[in-house]
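query-v4.txt, holding compact mmCIF, C-alpha atoms and all ligand atoms:
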```txt
# COMPACT_ATOMS: atom_id res chain seq x y z
CA MET A 1305 20.41 49.92 -6.37
CA LEU A 1306 23.67 51.83 -6.55
CA ILE A 1307 26.93 50.01 -7.29
CA THR A 1308 29.83 52.13 -6.07
CA ASP A 1309 33.54 52.16 -6.84
CA ALA A 1310 33.41 49.69 -9.71
CA ARG A 1311 36.04 49.29 -12.37
CA LEU A 1312 34.66 49.01 -15.91
CA ARG A 1313 36.21 47.20 -18.87
CA HIS A 1314 38.56 49.38 -20.94
CA HIS A 1315 38.45 52.26 -18.39
CA GLY A 1316 41.73 51.55 -16.60
CA ASP A 1317 41.77 52.16 -12.85
CA THR A 1318 39.07 54.86 -12.93
CA LEU A 1319 36.27 53.91 -10.55
CA HIS A 1320 32.61 54.43 -11.37
CA ASP A 1321 29.23 54.52 -9.66
CA VAL A 1322 26.47 52.72 -11.53
CA GLU A 1323 22.81 53.40 -10.72
CA ILE A 1324 20.09 50.83 -11.41
CA THR A 1325 16.43 51.85 -11.51
CA GLY A 1326 13.47 49.79 -12.65
CA GLY A 1327 15.71 46.95 -13.76
CA LEU A 1328 17.82 49.13 -16.08
CA PHE A 1329 21.19 50.81 -15.81
CA THR A 1330 20.22 54.48 -15.50
CA SER A 1331 23.55 56.22 -14.92
CA VAL A 1332 27.26 55.50 -15.09
CA THR A 1333 29.34 58.29 -13.54
CA PRO A 1334 32.80 58.74 -12.03
CA ALA A 1335 32.81 57.49 -8.43
CA THR A 1336 31.83 60.05 -5.83
CA GLY A 1337 33.61 58.43 -2.92
CA THR A 1338 31.70 59.02 0.30
CA ALA A 1339 28.76 60.98 -1.12
CA ASN A 1340 26.44 57.98 -1.08
CA ARG A 1341 27.08 56.84 2.47
CA GLY A 1342 23.83 56.30 4.28
CA ARG A 1343 21.95 54.86 1.31
CA GLN A 1344 20.53 51.43 2.08
CA ASP A 1345 20.67 50.01 -1.45
CA VAL A 1346 24.41 50.34 -2.07
CA LEU A 1347 26.59 47.50 -3.32
CA ASP A 1348 30.20 48.52 -2.71
CA ALA A 1349 32.26 47.03 -5.55
CA ASP A 1350 35.44 48.13 -3.79
CA GLY A 1351 37.38 48.30 -7.05
CA ALA A 1352 36.08 45.03 -8.53
CA LEU A 1353 35.35 44.81 -12.27
CA LEU A 1354 31.67 45.31 -13.15
CA THR A 1355 30.96 43.67 -16.48
CA ALA A 1356 28.09 42.12 -18.36
CA PRO A 1357 27.52 38.46 -17.40
CA PHE A 1358 29.45 35.80 -19.26
CA VAL A 1359 27.73 34.20 -22.25
CA ASP A 1360 28.06 30.44 -22.76
CA ALA A 1361 27.73 30.44 -26.54
CA HIS A 1362 27.34 26.67 -26.84
CA VAL A 1363 26.26 24.07 -24.32
CA HIS A 1364 24.11 20.92 -24.22
CA LEU A 1365 22.10 21.14 -21.02
CA ASP A 1366 20.06 18.01 -21.75
CA TYR A 1367 23.26 15.94 -21.75
CA ALA A 1368 24.71 17.49 -18.60
CA ASN A 1369 25.60 15.26 -15.67
CA THR A 1370 24.81 12.01 -17.46
CA VAL A 1371 28.38 10.75 -17.73
CA GLY A 1372 28.59 6.98 -17.23
CA GLN A 1373 24.93 6.34 -18.14
CA PRO A 1374 24.91 3.66 -19.36
CA ARG A 1375 28.72 3.52 -19.76
CA HIS A 1376 31.84 5.65 -20.02
CA ASN A 1377 33.42 6.70 -23.31
CA THR A 1378 36.52 4.48 -23.54
CA SER A 1379 37.83 5.68 -26.93
CA GLY A 1380 37.38 9.37 -26.11
CA THR A 1381 35.93 9.98 -29.56
CA LEU A 1382 32.87 11.94 -30.60
CA PHE A 1383 31.36 9.00 -32.44
CA GLU A 1384 31.50 6.68 -29.43
CA ALA A 1385 29.79 9.47 -27.47
CA ILE A 1386 26.98 9.63 -30.04
CA ASP A 1387 26.55 5.84 -29.76
CA ILE A 1388 26.45 6.04 -25.95
CA TRP A 1389 23.84 8.78 -26.16
CA ALA A 1390 21.68 6.65 -28.46
CA ASP A 1391 21.85 3.84 -25.86
CA HIS A 1392 21.16 6.35 -23.09
CA LYS A 1393 17.93 7.32 -24.84
CA ALA A 1394 17.00 3.72 -25.76
CA GLN A 1395 17.44 2.56 -22.16
CA GLY A 1396 14.97 5.10 -20.85
CA TYR A 1397 17.31 7.44 -19.00
CA VAL A 1398 15.74 10.55 -20.54
CA THR A 1399 12.78 11.57 -18.42
CA ARG A 1400 11.34 15.00 -17.65
CA GLU A 1401 12.55 14.65 -14.06
CA SER A 1402 16.10 13.50 -14.90
CA VAL A 1403 16.64 16.25 -17.47
CA LEU A 1404 15.22 18.91 -15.18
CA GLU A 1405 17.41 17.84 -12.28
CA ASN A 1406 20.64 17.36 -14.24
CA ALA A 1407 20.23 20.50 -16.33
CA ALA A 1408 19.28 22.60 -13.30
CA THR A 1409 22.47 21.44 -11.57
CA ALA A 1410 24.44 22.51 -14.65
CA VAL A 1411 22.71 25.89 -14.82
CA ARG A 1412 23.43 26.50 -11.13
CA ALA A 1413 27.13 25.81 -11.76
CA GLU A 1414 27.17 28.09 -14.81
CA VAL A 1415 25.47 30.94 -12.94
CA GLY A 1416 27.87 30.48 -10.03
CA ASN A 1417 30.69 30.95 -12.51
CA GLY A 1418 29.25 34.26 -13.72
CA VAL A 1419 27.26 33.08 -16.74
CA GLY A 1420 24.02 35.00 -17.35
CA PHE A 1421 23.16 33.87 -20.89
CA LEU A 1422 23.32 30.31 -22.25
CA ARG A 1423 22.70 29.10 -25.76
CA THR A 1424 21.78 25.45 -25.24
CA HIS A 1425 21.35 22.83 -27.91
CA VAL A 1426 18.72 20.17 -27.11
CA ASP A 1427 18.51 16.82 -28.90
CA VAL A 1428 15.23 16.69 -30.85
CA THR A 1429 15.62 13.26 -32.45
CA ASP A 1430 13.70 11.63 -29.59
CA PRO A 1431 10.14 11.08 -30.90
CA ALA A 1432 8.59 12.26 -27.60
CA LEU A 1433 10.74 15.43 -27.44
CA THR A 1434 10.96 14.82 -23.68
CA ALA A 1435 14.25 16.67 -23.24
CA LEU A 1436 13.05 19.65 -25.26
CA ASP A 1437 9.93 20.06 -23.15
CA ALA A 1438 11.98 19.74 -19.95
CA VAL A 1439 14.55 22.34 -21.03
CA LEU A 1440 11.79 24.73 -22.13
CA GLU A 1441 10.25 24.27 -18.68
CA LEU A 1442 13.63 24.87 -17.06
CA LYS A 1443 14.09 28.05 -19.14
CA ASP A 1444 11.05 29.48 -17.41
CA ARG A 1445 12.04 28.24 -13.96
CA VAL A 1446 15.53 29.81 -14.02
CA ARG A 1447 14.59 33.08 -15.68
CA ASP A 1448 15.42 35.05 -12.52
CA TRP A 1449 19.01 33.73 -12.69
CA CYS A 1450 19.83 33.66 -16.38
CA HIS A 1451 18.46 33.56 -19.92
CA LEU A 1452 18.39 30.30 -21.87
CA GLN A 1453 18.17 30.35 -25.66
CA VAL A 1454 17.11 26.90 -26.91
CA ILE A 1455 18.35 25.36 -30.15
CA ALA A 1456 16.50 22.46 -31.75
CA PHE A 1457 19.43 20.12 -32.38
CA PRO A 1458 18.96 16.96 -34.47
CA GLN A 1459 21.75 14.93 -32.83
CA ASN A 1460 21.23 11.84 -35.01
CA GLY A 1461 20.73 13.78 -38.24
CA ILE A 1462 17.73 15.36 -39.92
CA LEU A 1463 17.61 12.94 -42.85
CA ALA A 1464 19.57 10.10 -41.20
CA SER A 1465 17.16 9.61 -38.32
CA PRO A 1466 13.52 8.46 -38.61
CA GLY A 1467 11.10 11.37 -38.72
CA GLY A 1468 13.97 13.83 -38.33
CA GLU A 1469 12.47 16.56 -40.51
CA GLU A 1470 9.09 16.47 -38.78
CA LEU A 1471 10.63 16.36 -35.27
CA LEU A 1472 12.77 19.43 -36.01
CA ALA A 1473 9.70 21.29 -37.26
CA GLU A 1474 7.68 20.19 -34.23
CA ALA A 1475 10.47 21.37 -31.91
CA MET A 1476 10.27 24.84 -33.45
CA ARG A 1477 6.48 24.82 -33.04
CA ARG A 1478 6.87 23.88 -29.36
CA GLY A 1479 9.02 26.91 -28.67
CA ALA A 1480 12.66 26.28 -29.60
CA ASP A 1481 14.31 29.59 -30.51
CA VAL A 1482 17.00 28.56 -33.00
CA VAL A 1483 17.28 25.91 -35.74
CA GLY A 1484 20.23 23.49 -35.51
CA GLY A 1485 21.75 20.86 -37.78
CA ILE A 1486 24.58 18.34 -38.09
CA PRO A 1487 25.40 17.96 -41.81
CA HIS A 1488 28.64 15.96 -41.34
CA PHE A 1489 26.60 13.24 -39.58
CA GLU A 1490 24.16 12.76 -42.46
CA ARG A 1491 24.79 9.67 -44.61
CA SER A 1492 26.49 11.38 -47.55
CA ARG A 1493 27.84 14.72 -48.69
CA GLU A 1494 24.64 15.21 -50.72
CA ALA A 1495 22.43 14.41 -47.74
CA GLY A 1496 24.42 16.88 -45.65
CA VAL A 1497 23.81 19.65 -48.19
CA ALA A 1498 20.10 18.72 -48.36
CA SER A 1499 19.89 18.84 -44.55
CA LEU A 1500 21.35 22.36 -44.57
CA ARG A 1501 18.73 23.48 -47.11
CA HIS A 1502 16.11 22.07 -44.76
CA VAL A 1503 17.60 24.02 -41.81
CA PHE A 1504 17.57 27.28 -43.76
CA ASP A 1505 14.01 26.70 -45.01
CA LEU A 1506 12.75 26.09 -41.49
CA ALA A 1507 14.59 29.11 -40.09
CA GLU A 1508 13.05 31.32 -42.77
CA ARG A 1509 9.57 30.05 -41.89
CA HIS A 1510 10.10 30.91 -38.20
CA ASP A 1511 12.23 34.02 -38.72
CA ALA A 1512 14.72 32.23 -36.46
CA LEU A 1513 18.48 32.31 -36.06
CA ILE A 1514 20.55 29.30 -37.17
CA ASP A 1515 23.29 27.48 -35.23
CA VAL A 1516 24.64 24.33 -36.89
CA HIS A 1517 27.14 21.79 -35.58
CA CYS A 1518 29.31 22.08 -38.67
CA ASP A 1519 32.25 19.91 -39.71
CA GLU A 1520 32.88 18.53 -36.21
CA ILE A 1521 35.03 15.75 -37.58
CA ASP A 1522 38.75 15.04 -38.10
CA ASP A 1523 38.36 15.16 -41.88
CA ASP A 1524 39.80 17.81 -44.16
CA GLN A 1525 37.20 16.82 -46.76
CA SER A 1526 34.27 17.80 -44.52
CA ARG A 1527 33.40 21.12 -46.12
CA PHE A 1528 29.88 22.14 -45.15
CA LEU A 1529 31.04 25.54 -43.91
CA GLU A 1530 31.27 26.83 -47.48
CA VAL A 1531 27.74 25.55 -48.13
CA MET A 1532 26.49 27.37 -45.03
CA ALA A 1533 28.21 30.59 -46.14
CA GLU A 1534 26.69 30.28 -49.60
CA LEU A 1535 23.17 29.64 -48.29
CA THR A 1536 23.52 32.50 -45.78
CA VAL A 1537 24.24 35.01 -48.53
CA GLU A 1538 21.73 33.49 -50.98
CA ARG A 1539 18.89 33.66 -48.42
CA GLY A 1540 19.75 37.16 -47.15
CA LEU A 1541 20.56 35.87 -43.66
CA VAL A 1542 23.95 37.58 -43.33
CA GLY A 1543 24.98 37.80 -39.65
CA ARG A 1544 22.18 35.49 -38.46
CA VAL A 1545 23.99 32.17 -38.83
CA THR A 1546 26.44 30.49 -36.44
CA ALA A 1547 28.80 27.63 -37.22
CA SER A 1548 29.54 25.62 -34.10
CA HIS A 1549 32.74 23.60 -33.57
CA ALA A 1550 33.99 23.76 -37.20
CA VAL A 1551 36.94 21.58 -36.19
CA ALA A 1552 37.70 20.32 -39.71
CA MET A 1553 39.09 23.81 -40.33
CA ALA A 1554 42.08 22.74 -38.25
CA TYR A 1555 42.91 20.32 -41.08
CA TYR A 1556 42.36 22.64 -44.07
CA GLY A 1557 45.46 23.67 -46.01
CA PRO A 1558 46.30 27.31 -46.68
CA GLY A 1559 45.07 27.16 -50.28
CA TYR A 1560 41.55 26.18 -49.32
CA MET A 1561 41.51 28.61 -46.35
CA ALA A 1562 42.38 31.44 -48.77
CA LYS A 1563 39.22 30.61 -50.70
CA LEU A 1564 37.01 29.92 -47.68
CA VAL A 1565 37.70 32.81 -45.29
CA PRO A 1566 36.49 35.60 -47.64
CA LYS A 1567 33.24 33.65 -48.12
CA LEU A 1568 32.82 33.47 -44.34
CA VAL A 1569 33.48 37.20 -44.04
CA GLN A 1570 30.91 37.92 -46.76
CA ALA A 1571 28.33 35.89 -44.82
CA GLN A 1572 29.40 37.41 -41.49
CA MET A 1573 29.42 33.87 -40.20
CA ARG A 1574 29.35 33.66 -36.41
CA PHE A 1575 31.51 31.01 -34.73
CA ALA A 1576 30.99 29.09 -31.50
CA VAL A 1577 34.15 27.18 -30.68
CA ASN A 1578 34.55 24.78 -27.78
CA PRO A 1579 38.24 24.45 -27.02
CA THR A 1580 38.17 22.21 -23.94
CA GLU A 1581 35.65 19.83 -25.53
CA ASN A 1582 37.35 19.48 -28.89
CA LEU A 1583 40.82 19.15 -27.37
CA GLN A 1584 39.39 16.02 -25.74
CA LEU A 1585 37.28 14.69 -28.64
CA GLN A 1586 39.41 15.34 -31.72
CA GLY A 1587 42.76 14.17 -32.98
CA TRP A 1588 42.54 10.52 -31.88
CA GLY A 1589 44.26 8.09 -34.23
CA GLN A 1590 46.28 10.77 -35.98
CA SER A 1591 49.90 10.41 -36.98
CA ALA A 1592 52.39 13.24 -36.76
CA PRO A 1593 52.01 16.14 -37.25
CA MET A 1594 49.16 16.12 -34.73
CA ALA A 1595 46.23 18.43 -35.36
CA ARG A 1596 44.24 19.03 -32.19
CA GLY A 1597 40.92 19.77 -33.83
CA VAL A 1598 39.97 23.25 -32.67
CA ALA A 1599 38.83 25.79 -35.27
CA PRO A 1600 41.60 28.35 -36.03
CA ILE A 1601 40.41 30.96 -33.54
CA GLY A 1602 43.19 33.44 -34.25
CA GLN A 1603 42.80 33.34 -38.03
CA LEU A 1604 39.02 33.80 -37.81
CA ASP A 1605 39.37 36.61 -35.27
CA ALA A 1606 42.01 38.35 -37.38
CA ALA A 1607 39.65 38.21 -40.38
CA GLY A 1608 37.11 40.18 -38.34
CA LEU A 1609 34.80 37.21 -37.78
CA ASN A 1610 32.85 36.94 -34.55
CA VAL A 1611 34.25 34.07 -32.47
CA ALA A 1612 32.58 33.08 -29.21
CA MET A 1613 33.57 30.25 -26.90
CA GLY A 1614 31.37 27.76 -25.10
CA GLN A 1615 31.59 24.95 -22.57
CA ASP A 1616 29.73 22.51 -24.86
CA SER A 1617 29.57 19.65 -22.37
CA ILE A 1618 29.20 19.20 -18.64
CA ALA A 1619 29.99 15.64 -17.54
CA ASP A 1620 28.38 13.74 -20.42
CA PRO A 1621 29.43 11.03 -22.91
CA TRP A 1622 31.40 13.59 -24.93
CA TYR A 1623 33.39 15.19 -22.12
CA PRO A 1624 33.83 13.85 -18.58
CA ILE A 1625 34.20 17.12 -16.61
CA GLY A 1626 33.18 20.80 -17.02
CA GLU A 1627 31.06 23.14 -14.93
CA GLY A 1628 30.35 26.18 -17.07
CA ASP A 1629 33.54 27.86 -15.92
CA LEU A 1630 34.11 30.03 -18.97
CA LEU A 1631 37.39 31.51 -17.71
CA ARG A 1632 38.83 27.99 -17.96
CA VAL A 1633 37.36 27.55 -21.44
CA LEU A 1634 38.83 30.91 -22.43
CA GLU A 1635 42.23 29.99 -21.06
CA SER A 1636 42.29 26.79 -23.12
CA GLY A 1637 41.08 28.59 -26.24
CA LEU A 1638 43.72 31.31 -26.01
CA HIS A 1639 46.47 28.75 -25.46
CA VAL A 1640 45.49 26.45 -28.32
CA GLY A 1641 44.98 29.48 -30.56
CA HIS A 1642 48.41 31.01 -29.79
CA LEU A 1643 46.54 34.10 -28.63
CA LEU A 1644 48.38 35.24 -25.52
CA SER A 1645 49.44 38.52 -27.15
CA GLU A 1646 48.94 41.70 -25.15
CA PRO A 1647 46.31 43.25 -27.49
CA VAL A 1648 44.19 40.08 -27.31
CA LEU A 1649 44.65 39.74 -23.55
CA GLN A 1650 43.33 43.29 -23.12
CA ARG A 1651 40.03 42.30 -24.76
CA CYS A 1652 39.98 38.58 -24.05
CA LEU A 1653 36.68 38.58 -22.16
CA ASP A 1654 34.99 39.43 -25.49
CA PHE A 1655 35.25 35.73 -26.42
CA ILE A 1656 33.04 34.75 -23.47
CA SER A 1657 30.82 37.83 -23.35
CA ASP A 1658 30.14 40.29 -26.20
CA ASN A 1659 30.90 37.81 -28.99
CA GLY A 1660 28.54 35.22 -27.56
CA ALA A 1661 25.87 37.89 -27.12
CA ARG A 1662 26.28 38.73 -30.81
CA ASN A 1663 25.79 35.06 -31.77
CA MET A 1664 22.63 34.97 -29.66
CA GLY A 1665 21.30 38.17 -31.22
CA LEU A 1666 21.17 39.94 -27.82
CA GLU A 1667 20.89 43.63 -28.65
CA ASP A 1668 20.55 45.05 -25.10
CA TYR A 1669 23.69 43.46 -23.74
CA GLY A 1670 26.36 45.34 -21.80
CA VAL A 1671 26.84 47.70 -18.88
CA ARG A 1672 25.65 51.02 -20.30
CA VAL A 1673 22.80 53.44 -19.70
CA GLY A 1674 19.49 52.06 -20.92
CA THR A 1675 20.29 48.34 -21.03
CA PRO A 1676 18.80 45.74 -18.65
CA ALA A 1677 20.78 45.68 -15.41
CA ASP A 1678 22.47 42.31 -15.91
CA ALA A 1679 26.04 42.20 -14.63
CA ILE A 1680 28.65 40.37 -12.64
CA LEU A 1681 31.38 41.64 -10.34
CA LEU A 1682 34.75 40.03 -10.98
CA ASP A 1683 37.57 40.19 -8.46
CA ALA A 1684 39.88 41.64 -11.11
CA ARG A 1685 41.14 44.94 -12.49
CA ASP A 1686 40.67 44.20 -16.18
CA ASP A 1687 40.28 41.45 -18.80
CA LYS A 1688 43.85 40.21 -18.56
CA ASP A 1689 43.78 40.19 -14.78
CA ALA A 1690 40.52 38.20 -14.77
CA LEU A 1691 42.04 35.53 -17.02
CA TRP A 1692 45.46 35.51 -15.36
CA HIS A 1693 44.22 35.07 -11.79
CA HIS A 1694 41.02 33.21 -12.66
CA ALA A 1695 38.97 35.90 -10.98
CA ASP A 1696 36.29 34.95 -8.51
CA VAL A 1697 32.75 36.06 -9.34
CA LEU A 1698 31.82 38.20 -6.34
CA ALA A 1699 28.24 38.97 -7.37
CA SER A 1700 25.69 38.31 -10.07
CA ILE A 1701 22.90 40.78 -10.81
CA ARG A 1702 19.97 40.11 -13.13
CA GLY A 1703 17.35 42.70 -13.97
CA GLY A 1704 18.62 44.86 -11.11
CA ARG A 1705 18.18 42.10 -8.53
CA THR A 1706 21.03 40.32 -6.80
CA VAL A 1707 21.21 36.65 -7.79
CA PHE A 1708 24.07 35.95 -5.38
CA ARG A 1709 27.01 37.56 -3.62
CA ARG A 1710 30.09 35.93 -2.18
CA PRO A 1711 32.90 37.39 -0.08
CA ARG A 1712 36.37 38.17 -1.37
CA ARG A 1713 38.69 35.34 -0.51
CA GLY A 1714 41.65 37.46 0.60
CA PHE A 1715 43.78 34.51 -0.44
CA LEU A 1716 47.23 35.75 0.60
CA GLU A 1717 46.03 37.60 3.67
CA ALA A 1718 44.62 34.30 4.92
CA MET A 1719 48.15 32.84 5.04
CA PRO A 1720 50.18 35.20 7.25
CA GLY A 1721 53.00 32.62 7.50
CA LEU A 1722 53.82 33.17 3.82
CA THR A 1723 54.75 36.86 4.04
CA VAL A 1724 58.22 37.64 2.69
CA SER A 1725 59.04 39.84 5.70
CA ASP A 1726 59.19 36.66 7.82
CA ALA A 1727 62.05 35.31 5.71
CA GLY A 1728 65.61 35.17 6.95
FE FE2 B 1801 28.05 20.76 -29.39
```
Let me see whether you can do it: turn the structure in this file into C-alpha cells.
Amino acid sequence: MLITDARLRHHGDTLHDVEITGGLFTSVTPATGTANRGRQDVLDADGALLTAPFVDAHVHLDYANTVGQPRHNTSGTLFEAIDIWADHKAQGYVTRESVLENAATAVRAEVGNGVGFLRTHVDVTDPALTALDAVLELKDRVRDWCHLQVIAFPQNGILASPGGEELLAEAMRRGADVVGGIPHFERSREAGVASLRHVFDLAERHDALIDVHCDEIDDDQSRFLEVMAELTVERGLVGRVTASHAVAMAYYGPGYMAKLVPKLVQAQMRFAVNPTENLQLQGWGQSAPMARGVAPIGQLDAAGLNVAMGQDSIADPWYPIGEGDLLRVLESGLHVGHLLSEPVLQRCLDFISDNGARNMGLEDYGVRVGTPADAILLDARDDKDALWHHADVLASIRGGRTVFRRPRRGFLEAMPGLTVSDAG
C-alpha cells in the first residue's frame, strides 16, 4: 500500500508519501504528486495527518456498558460504584457472553475513534475469573483491529478480598500481561504497603510490567505513590511501573510535592490519568476551595515524567458515558491541567499516543521506517488542529491492512446557505 500526500506530526505543511510493504512502513519520502497515478493500492491522504493510532492508556473493558446493572450510582462517588460492582457480580451479571458482547461494543467504539492500542484492567477478584477469560478471548478476536494489553486488577483488594493473592497469581498464569493493585482500598495503610510488595513480587516472577490504581481517593494522607517509587528503585524496575489515577496528588501541599516529585523522577514513574472519569468521581462532599481530584498533569509533565491519558470507563457504575473518544479525554485533561499553552498544544497528541505507548512498553510504535504499519488518518493539519476541531478519524490501518475508512464530512461545504458572500 502507498499512502500519498499525508501530513506528518511535527513536519508542518510538507506532504509525504508513505510506503507499506509486508505489514511494515518501508519508506517515508516527500510527496511526488502525480508520479504514483495508476497504482491500484494507493490511499490518497489528501493532506490529512497520518499518525500512529491513539493509545488508551487506561480502560476497564469488563465494566463497559453495564451502567444501571443492577442500579445507577446516585452519589456519583467511586465507593458507591465499587459497591454496585460487587452487587453486579453477586447477582450473576458477569458471564462470558455478557462481557464479550459489552467489551466488544466498547472496543468497536474505541477503534472507530482512532484507538489502536488499549491497556485494559480486568477485575480478578471473581473466583471464577470469568471476565478475565472473556477479555483474553476478546483480545484474540479483535487482534486485526487493535492490540489489547490485559492487566490483572484486584478491584476488591489483594488482601481485603478472599483468596485475593491466589486469584491475582492465577490471573497471571492464565495470560494477563501486567500486574495491578489497589493499595488505598486495602483495610489499612500497612495492608496497602503489604499489597504493593505482593504486586512487585509477582511482577518480578513473571517479568511483567506493573500498573497500580494508586491513591484514587480524596485524601491527602493517601500516600502509596512514594511507596511505589521506593519499591521501583529498590527492585531495579525503573521505567516499568505505572501509577494510575493518583488523584490524591491533587490534595498534596507544596511541601510534600517537593519531596515526592524527585522520587517519582528517580523511579521514572509512568502515569495514566483519567481526567473525564475523575472529574466525575472525585471532589464530592468537599468544602471550598474545591479540589477536582485529577493528578497534577502539568507539574508531572514539567518534571519530565511520562503522563498518558485514558478513558477509564465506558458507561459503567463509575462513569455514565464515554466511548473511547480520546480527543475528548485530552481536551478535558488539558483544560483541568491549565495546559492550553502553545508549546503543549503543538505536542498535545503525545498524551494520547506516544506517552501511552511508553506506559505499555510498546517499542515499535510510530510512523517511521521499520515499524509495524499501524496508523490513523486524522482530518487535521497538526496536533493543535486535531484537538481544536475534534478531528474526524478518516482511516485506521493495522499491520498494513485497512481496518476502516470513512469519507470527509465537508461540514461547511454541506451548508451552502451559511456562506458569508450571501450576507447583505
Ligand atoms: Fe481505573
For this session: Pick out the residues no farther than 7 Å from ligand FE2 1801 (chain B), counting only C-alpha atoms and all ligand atoms, and list them as a PyMOL selection string.
Result: chain A and resi 1362-1364+1517+1548-1549+1616
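For the pair atom CA of Leu1306 of chain A and atom CA of Arg1343 of chain A, the separation is 8.6 Å.
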Problem set entry | Non-local contacts of Val1371 of chain A (9 Å; only C-alpha atoms; under 6 positions in same chain excluded) as a count of residues only | 9
Exercise. What gap, in Å, lies between atom CA of Ile1514 of chain A and atom CA of Val1483 of chain A?
Worked result: 4.9 Å
Problem set entry | Ala1410 of chain A surroundings by only C-alpha atoms, 9 Å radius, close-in-sequence under 5 positions cut, as a PyMOL selection string | chain A and resi 1365+1368-1369+1405+1415+1618+1627-1628
Exercise. Quick one: residues within 9 Å of Cys1450 of chain A, only C-alpha atoms counted, chain neighbours fewer than 2 positions away excluded, as a PyMOL selection string?
Worked result: chain A and resi 1411+1415+1419-1422+1443+1446-1448+1452+1702
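All polymer residues at most 12 Å from (45.5, 43.7, -15.6), using all atoms listed in the file, appear as Arg1311, Arg1313, His1314, His1315, Gly1316, Asp1317, Ala1352, Leu1353, Glu1646, Pro1647, Leu1649, Gln1650, Arg1651, Cys1652, Asp1683, Ala1684, Arg1685, Asp1686, Asp1687, Lys1688, Asp1689, Ala1690, Leu1691, Trp1692, His1693, His1694 and Ala1695 of chain A.
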Residue neighbourhood segment 1528-1541 of chain A, 7 Å, all atoms listed in the file, exclusion window fewer than 2 positions, as a PDB file with C-alpha atoms, in the coordinates of the input:
```
ATOM      1  CA  PRO A1487      25.400  17.960 -41.810  1.00  0.00           C
ATOM      2  CA  CYS A1518      29.310  22.080 -38.670  1.00  0.00           C
ATOM      3  CA  ASP A1519      32.250  19.910 -39.710  1.00  0.00           C
ATOM      4  CA  SER A1526      34.270  17.800 -44.520  1.00  0.00           C
ATOM      5  CA  GLY A1543      24.980  37.800 -39.650  1.00  0.00           C
ATOM      6  CA  ARG A1544      22.180  35.490 -38.460  1.00  0.00           C
ATOM      7  CA  VAL A1545      23.990  32.170 -38.830  1.00  0.00           C
ATOM      8  CA  LEU A1564      37.010  29.920 -47.680  1.00  0.00           C
ATOM      9  CA  LYS A1567      33.240  33.650 -48.120  1.00  0.00           C
ATOM     10  CA  LEU A1568      32.820  33.470 -44.340  1.00  0.00           C
ATOM     11  CA  ALA A1571      28.330  35.890 -44.820  1.00  0.00           C
ATOM     12  CA  MET A1573      29.420  33.870 -40.200  1.00  0.00           C
TER      13      MET A1573
END
```
